Amino acid sequence: MSRSVATKALSRSYTGERTLTFLVGLLAFLGGALALVVGFGGLGEFRGRRPLLDPIALEWLGSHATPARIAAIVLGVLLFVLGLRWVVRSLRPEPRPDLDLDRTEGAELVVTAAAIAGAVEADAAQLDGVSRARVRAVGSRTSPALRITVWLHEGTDLKAVWSDLDARVLTRARESLGLASLPTAVRMELDTSPAKRVR
């Protein structure tokens, strides 16, 4: 099982957001470093003493005002669209993919993510020592994964629950879905019993 597939069960992937953030930070760092080099005279004393708004550049922009404005507007719109897309992608809910068991045209067989999660959740809740369970199907249609949270009764043997979960619940899920592997992240919590009123 590859690490990239297994990590889908642990948490939502933020590779795109992290890559974009890194690139923006890298550009800002390089720009700041270049400004420091120029300011300290690394590219010549004359260039270091010139104003930030270069008179030659201002003169060129003045003589080419229309193309410069068009370029600025296009760049602004492009940055706005990219930023908006980034925000929407970051805030959208994580997909819950269905699983294609048979893609034969006219005889397609699809198992929904809710059905997968419901079946595994029902099996996990019946294990000894488990008071309730919650399952979520994540990943993609071609490489699904599961996130399972089980709440245990006080005094439950963790190793026994883990063994039953792997041997009974997950094995049955893999066999039912026809999957060689099903990456799963399991979280176990102690179920809090309702507080008793003191009379």
# chains A, B, ... in the order shown; residues from 1 in each chain; ligands from 1
>>> select_by_dssp(residues="stretch 64-152 of chain A", states="strand (DSSP E or B)", output="mmCIF file with N, CA and C atoms, in the first residue's frame")
data_model
loop_
_atom_site.group_PDB
_atom_site.id
_atom_site.type_symbol
_atom_site.label_atom_id
_atom_site.label_comp_id
_atom_site.auth_asym_id
_atom_site.auth_seq_id
_atom_site.Cartn_x
_atom_site.Cartn_y
_atom_site.Cartn_z
ATOM 1 N N LEU A 99 -18.284 4.088 -4.985
ATOM 2 C CA LEU A 99 -17.359 3.075 -5.486
ATOM 3 C C LEU A 99 -17.988 2.353 -6.664
ATOM 4 N N ASP A 100 -17.277 2.330 -7.784
ATOM 5 C CA ASP A 100 -17.744 1.617 -8.984
ATOM 6 C C ASP A 100 -17.330 0.156 -8.892
ATOM 7 N N LEU A 101 -18.298 -0.727 -8.663
ATOM 8 C CA LEU A 101 -18.001 -2.158 -8.624
ATOM 9 C C LEU A 101 -17.995 -2.770 -10.017
ATOM 10 N N ASP A 102 -18.805 -2.217 -10.915
ATOM 11 C CA ASP A 102 -18.864 -2.730 -12.283
ATOM 12 C C ASP A 102 -19.121 -1.556 -13.218
ATOM 13 N N LEU A 109 -22.700 -0.948 -11.724
ATOM 14 C CA LEU A 109 -23.028 -1.212 -10.321
ATOM 15 C C LEU A 109 -22.201 -0.270 -9.457
ATOM 16 N N VAL A 110 -22.886 0.624 -8.757
ATOM 17 C CA VAL A 110 -22.221 1.639 -7.943
ATOM 18 C C VAL A 110 -22.713 1.522 -6.501
ATOM 19 N N VAL A 111 -21.767 1.503 -5.589
ATOM 20 C CA VAL A 111 -22.104 1.503 -4.161
ATOM 21 C C VAL A 111 -21.825 2.899 -3.629
ATOM 22 N N VAL A 130 -17.916 -2.056 22.245
ATOM 23 C CA VAL A 130 -18.169 -0.831 21.482
ATOM 24 C C VAL A 130 -19.590 -0.363 21.752
ATOM 25 N N SER A 131 -19.725 0.881 22.192
ATOM 26 C CA SER A 131 -21.063 1.417 22.455
ATOM 27 C C SER A 131 -21.668 2.048 21.210
ATOM 28 N N ARG A 132 -20.854 2.678 20.410
ATOM 29 C CA ARG A 132 -21.327 3.271 19.153
ATOM 30 C C ARG A 132 -20.136 3.503 18.239
ATOM 31 N N ALA A 133 -20.427 3.713 16.963
ATOM 32 C CA ALA A 133 -19.365 3.906 15.975
ATOM 33 C C ALA A 133 -19.814 4.926 14.940
ATOM 34 N N ARG A 134 -18.835 5.574 14.341
ATOM 35 C CA ARG A 134 -19.103 6.518 13.249
ATOM 36 C C ARG A 134 -18.072 6.270 12.161
ATOM 37 N N VAL A 135 -18.531 6.123 10.927
ATOM 38 C CA VAL A 135 -17.651 5.803 9.803
ATOM 39 C C VAL A 135 -17.876 6.806 8.687
ATOM 40 N N ARG A 136 -16.786 7.184 8.043
ATOM 41 C CA ARG A 136 -16.870 8.079 6.898
ATOM 42 C C ARG A 136 -16.009 7.530 5.773
ATOM 43 N N ALA A 137 -16.587 7.443 4.573
ATOM 44 C CA ALA A 137 -15.846 7.005 3.396
ATOM 45 C C ALA A 137 -15.199 8.218 2.746
ATOM 46 N N VAL A 138 -13.903 8.144 2.500
ATOM 47 C CA VAL A 138 -13.153 9.249 1.892
ATOM 48 C C VAL A 138 -12.302 8.682 0.760
ATOM 49 N N GLY A 139 -11.392 9.494 0.252
ATOM 50 C CA GLY A 139 -10.532 9.048 -0.835
ATOM 51 C C GLY A 139 -11.122 9.393 -2.184
ATOM 52 N N PRO A 144 -10.702 4.127 -2.503
ATOM 53 C CA PRO A 144 -11.453 4.582 -1.321
ATOM 54 C C PRO A 144 -10.683 4.310 -0.039
ATOM 55 N N ALA A 145 -11.055 5.036 1.001
ATOM 56 C CA ALA A 145 -10.470 4.855 2.325
ATOM 57 C C ALA A 145 -11.570 5.104 3.350
ATOM 58 N N LEU A 146 -11.304 4.704 4.586
ATOM 59 C CA LEU A 146 -12.292 4.848 5.655
ATOM 60 C C LEU A 146 -11.695 5.579 6.839
ATOM 61 N N ARG A 147 -12.541 6.345 7.522
ATOM 62 C CA ARG A 147 -12.208 6.906 8.826
ATOM 63 C C ARG A 147 -13.241 6.384 9.808
ATOM 64 N N ILE A 148 -12.765 5.673 10.812
ATOM 65 C CA ILE A 148 -13.657 5.048 11.780
ATOM 66 C C ILE A 148 -13.386 5.612 13.171
ATOM 67 N N THR A 149 -14.442 6.007 13.849
ATOM 68 C CA THR A 149 -14.357 6.413 15.250
ATOM 69 C C THR A 149 -15.265 5.497 16.049
ATOM 70 N N VAL A 150 -14.699 4.842 17.045
ATOM 71 C CA VAL A 150 -15.495 3.955 17.908
ATOM 72 C C VAL A 150 -15.417 4.453 19.339
ATOM 73 N N TRP A 151 -16.553 4.408 20.018
ATOM 74 C CA TRP A 151 -16.621 4.771 21.426
ATOM 75 C C TRP A 151 -16.731 3.490 22.233
ATOM 76 N N LEU A 152 -15.861 3.336 23.223
ATOM 77 C CA LEU A 152 -15.754 2.094 23.976
ATOM 78 C C LEU A 152 -16.352 2.231 25.372
#
>>> residues_around(residues="stretch 166-170 of chain A", least_positions_apart="6", cutoff="10 Å", atoms="only C-alpha atoms", output="list in words")
Ala119, Val120, Glu121, Ala122, Asp123, Ala124, Ala125, Gln126, Leu127, Leu146, Ala160, Ser176, Ser181, Leu182, Pro183 and Thr184 of chain A
>>> atom_distance(atom1="atom CA of A:Thr21", atom2="atom CA of A:Val77")
19.4 Å
>>> closest_residue(among="A:Gly129, A:Asp98, A:Gly62, A:Leu190", to="A:Asp164", atoms="only C-alpha atoms")
A:Gly129
>>> select_by_dssp(residues="stretch 29-155 of chain A", states="alpha helix (DSSP H)", output="number ranges by chain")
A: 29-39, 45-49, 55-63, 65-91, 113-125
>>> atom_distance(atom1="atom CA of A:Thr66", atom2="atom CA of A:Leu79")
20.0 Å
>>> closest_residue(among="A:Ala117, A:Leu58, A:Leu177, A:Leu20", to="A:Val87", atoms="only C-alpha atoms")
A:Leu20
>>> closest_residue(among="A:Met188, A:Ile70, A:Ile116, A:Ala173", to="A:Glu154", atoms="only C-alpha atoms")
A:Met188
